[in-house]
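Heads up, protein.txt below (compact mmCIF, C-alpha atoms and all ligand atoms):
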```txt
# COMPACT_ATOMS: atom_id res chain seq x y z
CA MET A 994 9.65 11.36 26.52
CA ARG A 995 6.94 11.89 23.91
CA VAL A 996 7.32 9.59 20.88
CA PRO A 997 4.86 10.19 18.04
CA LEU A 998 3.98 7.45 15.56
CA LEU A 999 5.10 9.75 12.75
CA ASP A 1000 6.62 13.24 12.77
CA LEU A 1001 6.78 14.98 9.40
CA GLY A 1002 8.09 18.26 10.81
CA GLU A 1003 11.79 17.53 10.50
CA GLN A 1004 11.45 16.33 6.92
CA TYR A 1005 9.64 19.51 5.97
CA ARG A 1006 12.11 21.80 7.72
CA ALA A 1007 14.99 20.18 5.80
CA LEU A 1008 13.24 20.68 2.45
CA ALA A 1009 11.29 23.87 3.12
CA ALA A 1010 13.29 25.99 0.65
CA PRO A 1011 13.02 23.72 -2.43
CA ILE A 1012 9.37 22.92 -1.65
CA ARG A 1013 8.45 26.61 -1.35
CA GLN A 1014 10.37 27.32 -4.54
CA GLN A 1015 8.31 24.66 -6.34
CA ILE A 1016 5.04 26.02 -4.97
CA ASP A 1017 6.05 29.52 -5.99
CA GLU A 1018 6.79 28.40 -9.54
CA VAL A 1019 3.32 26.90 -9.83
CA LEU A 1020 1.68 30.02 -8.47
CA GLN A 1021 3.70 32.23 -10.83
CA SER A 1022 2.66 30.07 -13.78
CA GLN A 1023 -1.02 30.02 -12.73
CA ARG A 1024 -1.20 26.60 -14.35
CA PHE A 1025 -2.83 24.26 -11.84
CA ILE A 1026 -4.14 21.22 -13.70
CA LEU A 1027 -2.13 18.72 -15.81
CA GLY A 1028 0.78 21.00 -16.65
CA PRO A 1029 4.56 20.60 -16.81
CA LYS A 1030 5.00 19.70 -13.12
CA VAL A 1031 2.73 16.70 -13.43
CA GLU A 1032 4.59 15.56 -16.55
CA GLN A 1033 7.99 16.00 -14.90
CA PHE A 1034 6.90 14.13 -11.82
CA GLU A 1035 5.44 11.30 -13.92
CA ARG A 1036 8.77 10.93 -15.75
CA ALA A 1037 10.74 11.00 -12.50
CA LEU A 1038 8.43 8.37 -11.01
CA CYS A 1039 8.92 6.10 -14.06
CA ASP A 1040 12.68 6.30 -13.57
CA TYR A 1041 12.38 5.61 -9.86
CA ILE A 1042 10.07 2.60 -10.20
CA GLY A 1043 11.50 1.31 -13.46
CA THR A 1044 8.29 1.38 -15.49
CA LYS A 1045 7.50 2.92 -18.84
CA PHE A 1046 4.40 4.92 -17.97
CA ALA A 1047 3.16 6.80 -14.94
CA ILE A 1048 -0.17 8.57 -14.63
CA GLY A 1049 -0.52 11.03 -11.77
CA VAL A 1050 -3.95 10.86 -10.15
CA SER A 1051 -5.89 12.46 -7.31
CA SER A 1052 -5.31 9.78 -4.62
CA GLY A 1053 -4.38 6.16 -4.05
CA THR A 1054 -8.07 5.32 -3.84
CA ASP A 1055 -8.69 7.01 -7.19
CA ALA A 1056 -5.69 5.15 -8.67
CA LEU A 1057 -7.41 1.84 -7.86
CA LEU A 1058 -10.81 3.11 -8.95
CA ALA A 1059 -9.51 4.52 -12.26
CA VAL A 1060 -7.79 1.22 -13.04
CA LEU A 1061 -10.98 -0.76 -12.41
CA MET A 1062 -13.03 1.68 -14.51
CA ALA A 1063 -10.49 1.71 -17.34
CA LEU A 1064 -10.50 -2.10 -17.40
CA GLU A 1065 -14.32 -2.06 -17.42
CA ILE A 1066 -14.60 -4.16 -14.31
CA GLY A 1067 -18.22 -4.10 -13.18
CA PRO A 1068 -21.30 -6.10 -12.28
CA GLY A 1069 -20.79 -9.80 -12.95
CA ASP A 1070 -17.03 -9.51 -12.34
CA ALA A 1071 -15.08 -10.56 -9.28
CA VAL A 1072 -11.65 -9.61 -7.97
CA ILE A 1073 -9.45 -11.66 -5.66
CA THR A 1074 -7.93 -9.60 -2.85
CA THR A 1075 -6.91 -9.58 0.81
CA PRO A 1076 -9.26 -9.10 3.78
CA TYR A 1077 -6.44 -7.43 5.75
CA SER A 1078 -5.74 -4.03 4.23
CA PHE A 1079 -6.88 -0.45 4.24
CA PHE A 1080 -10.55 -0.21 3.28
CA ALA A 1081 -9.98 1.38 -0.14
CA THR A 1082 -8.66 -1.82 -1.71
CA ALA A 1083 -11.92 -3.73 -1.39
CA ALA A 1084 -14.17 -0.66 -1.53
CA CYS A 1085 -13.05 0.23 -5.06
CA ILE A 1086 -13.99 -3.24 -6.26
CA ALA A 1087 -17.45 -2.85 -4.74
CA ARG A 1088 -17.83 0.74 -6.00
CA VAL A 1089 -17.64 -0.38 -9.64
CA GLY A 1090 -20.26 -3.05 -8.93
CA ALA A 1091 -17.88 -6.02 -8.86
CA THR A 1092 -17.49 -8.50 -6.01
CA PRO A 1093 -14.42 -8.69 -3.77
CA LEU A 1094 -13.36 -12.30 -3.28
CA PHE A 1095 -11.28 -12.42 -0.13
CA VAL A 1096 -8.59 -14.99 0.53
CA ASP A 1097 -6.61 -15.22 3.74
CA ILE A 1098 -3.16 -13.83 4.49
CA GLU A 1099 0.19 -15.37 5.44
CA PRO A 1100 0.67 -15.09 9.19
CA GLU A 1101 4.38 -14.17 8.85
CA THR A 1102 4.09 -11.28 6.39
CA PHE A 1103 0.40 -10.23 6.73
CA ASN A 1104 0.27 -10.28 2.90
CA ILE A 1105 -2.21 -12.25 0.79
CA SER A 1106 -1.25 -15.93 0.74
CA PRO A 1107 -0.56 -17.35 -2.74
CA GLU A 1108 -1.37 -20.81 -1.40
CA ALA A 1109 -4.73 -19.54 -0.20
CA ILE A 1110 -5.39 -18.09 -3.68
CA ARG A 1111 -4.57 -21.46 -5.24
CA SER A 1112 -6.80 -23.42 -2.92
CA PHE A 1113 -9.61 -20.87 -3.27
CA ILE A 1114 -9.53 -21.30 -7.04
CA LYS A 1115 -9.33 -25.06 -6.76
CA LYS A 1116 -12.27 -25.28 -4.37
CA ASN A 1117 -14.59 -22.57 -5.67
CA CYS A 1118 -13.91 -21.92 -9.33
CA HIS A 1119 -14.21 -23.46 -12.74
CA HIS A 1120 -13.39 -22.42 -16.30
CA ALA A 1121 -16.10 -21.51 -18.82
CA ASN A 1122 -15.05 -20.45 -22.34
CA GLY A 1123 -11.55 -19.84 -21.04
CA VAL A 1124 -12.77 -17.50 -18.28
CA LEU A 1125 -12.22 -18.32 -14.62
CA MET A 1126 -15.65 -18.34 -13.00
CA ALA A 1127 -16.54 -18.14 -9.33
CA ARG A 1128 -19.84 -19.22 -7.80
CA ASP A 1129 -22.86 -17.10 -8.74
CA ARG A 1130 -21.55 -16.98 -12.32
CA GLN A 1131 -19.06 -14.23 -11.61
CA ALA A 1132 -16.10 -13.85 -13.95
CA ILE A 1133 -12.85 -13.48 -12.04
CA ARG A 1134 -10.84 -10.83 -13.83
CA LEU A 1135 -8.12 -9.61 -11.49
CA ILE A 1136 -6.01 -10.20 -8.44
CA ILE A 1137 -5.23 -7.15 -6.29
CA PRO A 1138 -2.41 -8.02 -3.89
CA VAL A 1139 -1.51 -5.36 -1.32
CA HIS A 1140 2.13 -4.91 -0.31
CA LEU A 1141 1.19 -4.27 3.28
CA PHE A 1142 3.32 -2.13 5.60
CA GLY A 1143 6.00 -1.78 2.88
CA LEU A 1144 6.82 -5.44 2.22
CA CYS A 1145 6.20 -6.97 -1.22
CA CYS A 1146 3.86 -9.94 -1.52
CA GLU A 1147 5.20 -13.27 -2.77
CA MET A 1148 4.66 -12.07 -6.32
CA ASP A 1149 6.31 -14.88 -8.32
CA THR A 1150 3.62 -17.32 -7.26
CA ILE A 1151 0.85 -14.75 -7.58
CA MET A 1152 1.96 -13.93 -11.16
CA GLU A 1153 2.17 -17.63 -11.96
CA ILE A 1154 -1.40 -18.21 -10.78
CA ALA A 1155 -2.57 -15.13 -12.69
CA ARG A 1156 -0.94 -16.22 -15.96
CA GLU A 1157 -2.35 -19.72 -15.56
CA HIS A 1158 -5.90 -18.36 -15.31
CA GLU A 1159 -5.49 -15.28 -17.52
CA LEU A 1160 -6.04 -12.77 -14.74
CA LEU A 1161 -4.47 -9.33 -14.57
CA VAL A 1162 -2.55 -8.35 -11.44
CA ILE A 1163 -3.02 -4.85 -10.04
CA GLU A 1164 -0.57 -4.15 -7.24
CA ASP A 1165 -1.88 -1.97 -4.43
CA ALA A 1166 1.52 -0.47 -3.66
CA ALA A 1167 0.08 2.44 -1.66
CA GLN A 1168 2.27 1.53 1.32
CA ALA A 1169 5.23 0.23 -0.66
CA ILE A 1170 6.79 2.88 -2.89
CA GLY A 1171 10.42 1.87 -3.44
CA ALA A 1172 10.05 -1.57 -1.85
CA GLY A 1173 11.87 -4.28 -3.79
CA TYR A 1174 11.09 -7.85 -4.77
CA PRO A 1175 13.81 -10.30 -5.85
CA GLN A 1176 13.19 -11.62 -9.36
CA ALA A 1177 15.65 -13.55 -11.54
CA GLY A 1178 18.73 -12.25 -9.74
CA GLU A 1179 17.51 -8.66 -9.81
CA VAL A 1180 15.29 -6.54 -7.64
CA THR A 1181 12.02 -5.28 -9.12
CA SER A 1182 10.21 -2.33 -7.55
CA ALA A 1183 6.75 -2.67 -6.09
CA GLY A 1184 4.30 -1.51 -8.73
CA ALA A 1185 6.45 -2.81 -11.59
CA ILE A 1186 5.96 -6.52 -10.86
CA GLY A 1187 2.35 -7.02 -11.95
CA ASP A 1188 0.45 -5.51 -14.86
CA ILE A 1189 -0.40 -2.21 -13.16
CA GLY A 1190 0.76 -0.59 -9.91
CA CYS A 1191 -1.12 1.92 -7.74
CA PHE A 1192 0.52 4.38 -5.35
CA SER A 1193 -0.79 6.78 -2.74
CA PHE A 1194 0.92 10.01 -1.74
CA TYR A 1195 -1.36 10.64 1.23
CA PRO A 1196 0.73 12.85 3.57
CA SER A 1197 1.58 10.02 5.98
CA LYS A 1198 2.72 7.60 3.27
CA ASN A 1199 6.49 7.26 2.72
CA LEU A 1200 6.34 9.79 -0.12
CA GLY A 1201 3.69 12.23 1.02
CA ALA A 1202 2.08 15.17 -0.74
CA ALA A 1203 0.59 18.22 1.00
CA GLY A 1204 -2.89 16.80 0.52
CA ASP A 1205 -4.30 13.93 -1.51
CA ALA A 1206 -2.40 12.52 -4.48
CA GLY A 1207 -1.64 9.20 -6.14
CA ALA A 1208 -0.23 7.55 -9.25
CA ILE A 1209 -0.67 4.56 -11.52
CA VAL A 1210 2.25 2.88 -13.29
CA CYS A 1211 2.33 0.30 -16.09
CA THR A 1212 4.45 -0.84 -19.02
CA ALA A 1213 1.76 -1.48 -21.65
CA GLU A 1214 1.18 1.61 -23.77
CA ASN A 1215 -2.46 0.81 -24.55
CA LEU A 1216 -3.20 0.58 -20.84
CA ALA A 1217 -1.39 3.85 -20.14
CA THR A 1218 -3.35 5.63 -22.86
CA ARG A 1219 -6.64 4.32 -21.54
CA LEU A 1220 -5.75 5.27 -17.96
CA ARG A 1221 -4.81 8.79 -19.06
CA THR A 1222 -8.19 9.10 -20.77
CA CYS A 1223 -9.97 7.65 -17.74
CA ARG A 1224 -8.34 10.32 -15.53
CA GLN A 1225 -10.18 12.96 -17.58
CA HIS A 1226 -13.74 11.59 -17.70
CA GLY A 1227 -12.91 9.12 -20.48
CA MET A 1228 -12.53 12.16 -22.70
CA GLU A 1229 -10.55 11.95 -25.95
CA PRO A 1230 -10.58 14.13 -27.96
CA ARG A 1231 -11.90 17.14 -26.05
CA TYR A 1232 -15.60 16.84 -25.18
CA HIS A 1233 -15.85 13.42 -26.77
CA HIS A 1234 -16.26 10.71 -24.13
CA GLN A 1235 -15.21 7.18 -25.10
CA PHE A 1236 -16.23 5.70 -21.78
CA ILE A 1237 -17.11 6.87 -18.30
CA GLY A 1238 -14.06 7.85 -16.31
CA GLY A 1239 -13.81 10.49 -13.63
CA ASN A 1240 -11.99 13.56 -12.45
CA PHE A 1241 -8.95 11.70 -11.21
CA ARG A 1242 -6.37 14.38 -11.99
CA LEU A 1243 -3.24 15.11 -10.01
CA ASP A 1244 -2.77 18.85 -9.60
CA GLU A 1245 0.37 20.84 -10.34
CA LEU A 1246 0.97 21.92 -6.75
CA GLN A 1247 1.00 18.36 -5.45
CA ALA A 1248 3.15 17.16 -8.36
CA ALA A 1249 5.63 19.99 -7.74
CA ILE A 1250 5.92 19.13 -4.04
CA LEU A 1251 6.28 15.41 -4.77
CA GLN A 1252 8.98 16.16 -7.31
CA ALA A 1253 10.96 18.08 -4.70
CA LYS A 1254 10.68 15.14 -2.29
CA LEU A 1255 11.23 12.16 -4.63
CA PRO A 1256 15.07 12.45 -4.80
CA HIS A 1257 15.14 11.96 -1.01
CA LEU A 1258 12.91 8.91 -0.89
CA ALA A 1259 15.67 6.29 -1.23
CA GLY A 1260 17.53 7.88 1.68
CA TRP A 1261 14.38 7.96 3.80
CA SER A 1262 13.71 4.28 3.06
CA ALA A 1263 17.29 3.40 4.08
CA ALA A 1264 16.82 5.36 7.31
CA ARG A 1265 13.58 3.49 8.02
CA ARG A 1266 15.39 0.17 7.47
CA ALA A 1267 18.18 1.29 9.81
CA ALA A 1268 15.57 2.16 12.43
CA ALA A 1269 13.97 -1.27 11.95
CA ASP A 1270 17.38 -2.92 12.41
CA PHE A 1271 17.91 -0.95 15.59
CA TYR A 1272 14.49 -2.04 16.93
CA ARG A 1273 15.56 -5.63 16.21
CA GLU A 1274 18.80 -5.22 18.16
CA GLU A 1275 17.04 -3.63 21.11
CA PHE A 1276 14.31 -6.27 21.18
CA SER A 1277 16.75 -9.16 20.97
CA ARG A 1278 18.87 -7.63 23.74
CA ARG A 1279 15.81 -7.75 25.99
CA ASN A 1280 14.70 -11.30 25.16
CA LEU A 1281 11.06 -10.51 24.47
CA GLY A 1282 10.60 -13.44 22.10
CA ASP A 1283 7.86 -15.01 24.21
CA SER A 1284 5.74 -11.88 24.17
CA ILE A 1285 6.23 -10.30 20.77
CA ILE A 1286 6.99 -11.31 17.19
CA LEU A 1287 8.96 -8.90 15.02
CA PRO A 1288 8.08 -8.20 11.36
CA ALA A 1289 9.39 -10.77 8.84
CA GLU A 1290 11.94 -9.93 6.15
CA PRO A 1291 11.48 -12.98 3.89
CA TYR A 1292 13.65 -11.77 0.99
CA ARG A 1293 16.56 -10.40 2.98
CA GLU A 1294 18.86 -13.42 2.74
CA ARG A 1295 18.23 -13.87 -0.95
CA ALA A 1296 18.38 -10.30 -2.10
CA GLY A 1297 19.17 -7.87 0.72
CA ASN A 1298 16.70 -5.82 2.68
CA HIS A 1299 14.12 -4.12 0.47
CA HIS A 1300 11.36 -3.68 3.01
CA ILE A 1301 10.60 0.03 3.18
CA TYR A 1302 9.00 -0.12 6.62
CA HIS A 1303 6.03 2.09 5.96
CA GLN A 1304 5.05 0.60 9.30
CA PHE A 1305 6.97 -1.47 11.84
CA VAL A 1306 4.29 -3.91 12.94
CA ILE A 1307 4.74 -6.40 15.74
CA ARG A 1308 2.48 -9.11 17.08
CA ALA A 1309 2.07 -8.70 20.81
CA VAL A 1310 0.64 -10.72 23.67
CA ALA A 1311 -2.04 -8.61 25.42
CA ARG A 1312 -1.85 -6.11 22.56
CA ASP A 1313 -4.53 -3.72 23.80
CA GLU A 1314 -3.03 -3.51 27.29
CA LEU A 1315 0.41 -2.94 25.79
CA LYS A 1316 -0.99 -0.12 23.66
CA ALA A 1317 -2.53 1.48 26.76
CA HIS A 1318 0.76 1.13 28.64
CA LEU A 1319 2.66 2.83 25.81
CA SER A 1320 0.03 5.53 25.59
CA SER A 1321 0.32 6.29 29.31
CA ASN A 1322 4.04 6.80 28.66
CA GLU A 1323 3.37 9.24 25.81
CA ILE A 1324 4.35 6.70 23.16
CA GLU A 1325 1.97 6.59 20.21
CA SER A 1326 1.16 3.30 18.52
CA GLU A 1327 -1.60 2.27 16.14
CA ILE A 1328 -3.70 -0.75 15.26
CA TYR A 1329 -3.72 -1.42 11.49
CA TYR A 1330 -6.41 -2.70 11.11
CA PRO A 1331 -8.73 -3.56 14.01
CA VAL A 1332 -11.57 -4.98 11.86
CA PRO A 1333 -10.70 -7.07 8.81
CA LEU A 1334 -12.55 -6.13 5.65
CA HIS A 1335 -14.81 -9.19 5.46
CA LEU A 1336 -16.30 -8.24 8.84
CA GLN A 1337 -16.97 -4.58 8.00
CA GLU A 1338 -20.60 -3.56 8.23
CA CYS A 1339 -20.68 -2.31 4.62
CA PHE A 1340 -19.69 -5.79 3.42
CA PHE A 1341 -22.30 -7.73 5.43
CA TYR A 1342 -24.01 -8.41 2.10
CA LEU A 1343 -21.08 -10.66 1.17
CA GLU A 1344 -22.31 -12.93 3.99
CA HIS A 1345 -18.97 -13.56 5.64
CA LYS A 1346 -18.73 -14.53 9.27
CA GLU A 1347 -16.12 -14.61 11.97
CA GLY A 1348 -13.73 -17.48 11.35
CA ASP A 1349 -13.82 -17.21 7.53
CA PHE A 1350 -10.28 -15.79 7.38
CA PRO A 1351 -8.66 -16.78 10.67
CA GLU A 1352 -5.21 -15.33 9.94
CA ALA A 1353 -6.60 -11.93 8.98
CA GLU A 1354 -8.73 -11.97 12.13
CA ARG A 1355 -5.77 -13.00 14.29
CA ALA A 1356 -3.63 -10.23 12.78
CA ALA A 1357 -6.39 -7.71 13.49
CA ALA A 1358 -6.44 -8.85 17.12
CA GLU A 1359 -2.69 -9.13 17.75
CA THR A 1360 -0.75 -6.53 15.77
CA LEU A 1361 0.54 -3.14 16.82
CA ALA A 1362 2.43 -0.57 14.76
CA LEU A 1363 5.27 1.15 16.61
CA PRO A 1364 6.67 4.61 15.81
CA ILE A 1365 8.87 4.56 12.71
CA TYR A 1366 10.07 7.35 10.43
CA PRO A 1367 13.44 8.32 8.96
CA GLU A 1368 14.31 10.88 11.63
CA LEU A 1369 13.22 8.77 14.62
CA SER A 1370 16.04 8.94 17.17
CA ARG A 1371 17.77 5.89 18.64
CA GLU A 1372 17.06 7.38 22.05
CA ALA A 1373 13.32 7.36 21.30
CA GLN A 1374 13.52 3.77 20.04
CA ARG A 1375 15.39 2.66 23.15
CA PHE A 1376 12.68 4.32 25.23
CA VAL A 1377 9.91 2.54 23.27
CA VAL A 1378 11.53 -0.89 23.63
CA GLY A 1379 12.31 -0.19 27.28
CA LYS A 1380 8.66 0.57 27.99
CA ILE A 1381 7.58 -2.59 26.14
CA ALA A 1382 10.05 -4.64 28.22
CA GLU A 1383 8.70 -2.96 31.36
CA PHE A 1384 5.18 -3.98 30.39
CA TYR A 1385 6.09 -7.67 30.05
CA SER A 1386 8.41 -7.82 33.08
C1 LIG B 1 -3.49 4.62 1.76
C2 LIG B 1 -3.93 3.42 1.07
C3 LIG B 1 -4.84 3.46 -0.01
C4 LIG B 1 -5.57 4.70 -0.41
O1 LIG B 1 -4.79 5.80 -0.68
P1 LIG B 1 -5.41 7.27 -0.51
O2 LIG B 1 -4.36 8.13 -1.17
O3 LIG B 1 -5.54 7.53 0.94
O4 LIG B 1 -6.69 7.32 -1.23
C5 LIG B 1 -5.14 2.28 -0.66
N1 LIG B 1 -4.62 1.12 -0.27
C6 LIG B 1 -3.76 1.02 0.76
C7 LIG B 1 -3.21 -0.31 1.13
C8 LIG B 1 -3.41 2.16 1.48
O5 LIG B 1 -2.59 2.06 2.53
```
Starting from the file, lay out its structure as structure tokens.
Amino acid sequence: MRVPLLDLGEQYRALAAPIRQQIDEVLQSQRFILGPKVEQFERALCDYIGTKFAIGVSSGTDALLAVLMALEIGPGDAVITTPYSFFATAACIARVGATPLFVDIEPETFNISPEAIRSFIKKNCHHANGVLMARDRQAIRLIIPVHLFGLCCEMDTIMEIAREHELLVIEDAAQAIGAGYPQAGEVTSAGAIGDIGCFSFYPSKNLGAAGDAGAIVCTAENLATRLRTCRQHGMEPRYHHQFIGGNFRLDELQAAILQAKLPHLAGWSAARRAAADFYREEFSRRNLGDSIILPAEPYRERAGNHHIYHQFVIRAVARDELKAHLSSNEIESEIYYPVPLHLQECFFYLEHKEGDFPEAERAAAETLALPIYPELSREAQRFVVGKIAEFYS
């Protein structure tokens, strides 16, 4: 039985008519850039996330980049972030000339560890004129936590640290659209917890466009205005450039397709959670606790399950051999991410070495993402778990 990591075909077939209708409307209008579809989608996204402003942009990477440019982060600045994420998170910091300051992750959730942020600041930083300074006279301006695999970071503590040191918090919520975080008896959506949230609609993300697309959300109007200007080369009014932005626009076709899909996202997330629950049942039935560790759901008891399972990532003994075994049985799996960011060749100049962030390195060596998507059949899941049990037997 062939089990792909992700199969978008069924989702498309179910929504083909409304999606084609949307595409047709855009083609009829011949309006392709920043028109009514982008505005409608931005409003719908605000309602979904529970924020005041949404700015559609060209990708998740450009969402992060536009935020850093709009906030004038640059040479002499530093940004605290995780070494265990997709490359774009740290790359955007470096692209504007600032320095990524990595701190290690929590082994249970794979997310940036608030305790590690605290001890990093305590050990390496001091205040000068009210600004938090790192070594080499860099001003620390932001924290960029990444809600990895669809699970929110421990944001209460991260926000507390940020407020204490007057840092802004930019959530990289590229993998976490619709994920929830329990706050004061309620559940806040990923992207609406910090000062600014960034989303990606890359086709394989939980809400996927038919190409590249992304969005930025925030509640402060001055930030929203600046981000909107940044999306159009820092231009306001026309042909007058206040600062250097970029072409970070979301196009009408992508916005129209995303708008057709957004009403289904909550249902898809619920189906992913149900699939995750079923994996749990199957794994526990087979007593594989000595060989694998299942993904943590730290907020479930307090606030219900708000993980959106962008990925279902296990830790596995003999991970590479397990992956090969699955592959020989036509089961796809993936390693996110085999090389942590601090050990990437392009960041050698930061002078990190193996052992600097042991939990990120251990995660890179031990984790494996199993197939998960809303339409994944229980039969396929049983087959996957059966083959994993076979490997360890
Ligand atoms: C996908 C992703 C991005 C980048 O989004 P793109 O739309 O591919 O540019 C950034 N950060 C994380 C954590 C991601 O998973």
All residues within 7 Å of ligand LIG 1 (chain B) are required, counting only C-alpha atoms and all ligand atoms; please report them as a ChimeraX atom specification. /A:1052-1055,1078-1079,1081-1082,1139,1141,1165-1168,1193-1195,1205-1207
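Nearest residue to A:Leu1220, choosing from A:Glu1065, A:Glu1354, A:Glu1032, A:Glu1383 and counting all atoms listed in the file: A:Glu1065.
A straight line drawn from atom CA of A:Ile1151 to atom CA of A:Tyr1342 is 27.4 Å long.
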Counting only C-alpha atoms, the residue of A:Ala1047, A:Ile1073, A:Ile1133, A:Cys1211 that sits nearest A:Asp1097: A:Ile1073
Using only C-alpha atoms, what residues lie at most 12 Å away from (19.1, -1.5, 16.2) (file coordinates), given as an mmCIF file with C-alpha atoms, in the frame of the given file?
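What landed in point-v7.cif:
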```cif
data_model
loop_
_atom_site.group_PDB
_atom_site.id
_atom_site.type_symbol
_atom_site.label_atom_id
_atom_site.label_comp_id
_atom_site.auth_asym_id
_atom_site.auth_seq_id
_atom_site.Cartn_x
_atom_site.Cartn_y
_atom_site.Cartn_z
ATOM 1 C CA ALA A 1264 16.820 5.360 7.310
ATOM 2 C CA ARG A 1265 13.580 3.490 8.020
ATOM 3 C CA ARG A 1266 15.390 0.170 7.470
ATOM 4 C CA ALA A 1267 18.180 1.290 9.810
ATOM 5 C CA ALA A 1268 15.570 2.160 12.430
ATOM 6 C CA ALA A 1269 13.970 -1.270 11.950
ATOM 7 C CA ASP A 1270 17.380 -2.920 12.410
ATOM 8 C CA PHE A 1271 17.910 -0.950 15.590
ATOM 9 C CA TYR A 1272 14.490 -2.040 16.930
ATOM 10 C CA ARG A 1273 15.560 -5.630 16.210
ATOM 11 C CA GLU A 1274 18.800 -5.220 18.160
ATOM 12 C CA GLU A 1275 17.040 -3.630 21.110
ATOM 13 C CA PHE A 1276 14.310 -6.270 21.180
ATOM 14 C CA SER A 1277 16.750 -9.160 20.970
ATOM 15 C CA ARG A 1278 18.870 -7.630 23.740
ATOM 16 C CA LEU A 1369 13.220 8.770 14.620
ATOM 17 C CA SER A 1370 16.040 8.940 17.170
ATOM 18 C CA ARG A 1371 17.770 5.890 18.640
ATOM 19 C CA GLU A 1372 17.060 7.380 22.050
ATOM 20 C CA ALA A 1373 13.320 7.360 21.300
ATOM 21 C CA GLN A 1374 13.520 3.770 20.040
ATOM 22 C CA ARG A 1375 15.390 2.660 23.150
ATOM 23 C CA VAL A 1378 11.530 -0.890 23.630
#
```
Would you pick out the contacts of stretch 1108-1120 of chain A at 7 Å or less, using all atoms listed in the file, so that residues sharing its chain but fewer than 5 positions from it are not included, and give the list as a PyMOL selection string? chain A and resi 1096-1097+1125-1128
Excluding A:Arg1293 and residues on its chain fewer than 6 positions from it, collect all residues at most 10 Å away from it, counting only C-alpha atoms, and give them as an MDAnalysis selection string. chainID A and resid 1174:1175 1299:1300
For the selection you just gave me, I'd like the residues written to a file as a short mmCIF file (atom, residue, chain, number, x, y, z; two decimals), in the frame of the given file, keeping C-alpha atoms.
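Heads up, here's the output in part.cif:
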```cif
data_model
loop_
_atom_site.label_atom_id
_atom_site.label_comp_id
_atom_site.auth_asym_id
_atom_site.auth_seq_id
_atom_site.Cartn_x
_atom_site.Cartn_y
_atom_site.Cartn_z
CA TYR A 1174 11.09 -7.85 -4.77
CA PRO A 1175 13.81 -10.30 -5.85
CA HIS A 1299 14.12 -4.12 0.47
CA HIS A 1300 11.36 -3.68 3.01
#
```
Counting only C-alpha atoms, which residue out of A:Leu1094, A:Gly1204, A:Arg1134, A:Gln1235 sits closest to A:Glu1344?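 Ranked by minimum distance to A:Glu1344, first place goes to A:Leu1094.
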Within 7 Å of A:Ile1285, counting only C-alpha atoms, which residues show up once you throw out same-chain ones fewer than 6 positions away? Write them as a ChimeraX atom specification, please. /A:1307-1310
May I ask for the distance between atom CA of A:Pro1333 and atom CA of A:Lys1380, given in Å to one decimal place?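 Between atom CA of A:Pro1333 and atom CA of A:Lys1380 the gap works out to 28.3 Å.
By chain and then residue number, the residues within 12 Å of A:Arg1036 are Pro1029, Lys1030, Val1031, Glu1032, Gln1033, Cys1039, Asp1040, Tyr1041, Ile1042, Gly1043, Thr1044, Lys1045, Phe1046, Ala1047, Ile1048, Gly1049, Ala1208, Val1210, Ala1248, Gln1252 and Leu1255 of chain A, counting all atoms listed in the file and disregarding those fewer than 3 positions away in sequence.
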So for stretch 1151-1157 of chain A, what box centre and size do we get, axis-aligned, 3 Å extra on each of the six sides, every listed atom, Å to one decimal, as AutoDock Vina command-line options?
```
--center_x -0.2 --center_y -16.8 --center_z -11.8 --size_x 10.7 --size_y 11.8 --size_z 14.4
```
Given the choices A:Ile1209, A:Leu1135, A:Cys1146, A:Ala1083, which gets closest to A:Phe1241 if the distance is worked out from all atoms listed in the file? A:Ile1209
Identify, on the basis of all atoms listed in the file, every residue whose closest approach to stretch 1221-1224 of chain A does not exceed 7 Å; exclude the query and any residue fewer than 6 positions from it along the same chain; express the result as a PyMOL selection string. chain A and resi 1048+1050+1059+1063+1238-1242
Print the selection's residues with C-alpha atoms to a file, as an mmCIF file, keeping the file's coordinate frame.
```cif
data_model
loop_
_atom_site.group_PDB
_atom_site.id
_atom_site.type_symbol
_atom_site.label_atom_id
_atom_site.label_comp_id
_atom_site.auth_asym_id
_atom_site.auth_seq_id
_atom_site.Cartn_x
_atom_site.Cartn_y
_atom_site.Cartn_z
ATOM 1 C CA ILE A 1048 -0.170 8.570 -14.630
ATOM 2 C CA VAL A 1050 -3.950 10.860 -10.150
ATOM 3 C CA ALA A 1059 -9.510 4.520 -12.260
ATOM 4 C CA ALA A 1063 -10.490 1.710 -17.340
ATOM 5 C CA GLY A 1238 -14.060 7.850 -16.310
ATOM 6 C CA GLY A 1239 -13.810 10.490 -13.630
ATOM 7 C CA ASN A 1240 -11.990 13.560 -12.450
ATOM 8 C CA PHE A 1241 -8.950 11.700 -11.210
ATOM 9 C CA ARG A 1242 -6.370 14.380 -11.990
#
```
Grab the atom CA of A:Ile1012 to atom CA of A:Ile1250 distance for me, in Å with one decimal place.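 Distance between the two atoms: 5.7 Å.
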List as a PyMOL selection string: which residues have an atom within 12 Å of (13.0, 16.4, 1.1), counting all atoms listed in the file? chain A and resi 1001-1013+1199-1202+1250-1261+1367-1368
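Counting all atoms listed in the file, the residue from A:Ile1105, A:Ile1026, A:Leu998, A:Ala1358 that sits nearest to A:Glu1245 is A:Ile1026.
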With distances taken over all atoms listed in the file, which residue among A:Gln1337, A:Ser1321, A:Asn1280, A:Ser1262 lies nearest A:Gly1171?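 Smallest separation from A:Gly1171 among the options: A:Ser1262.
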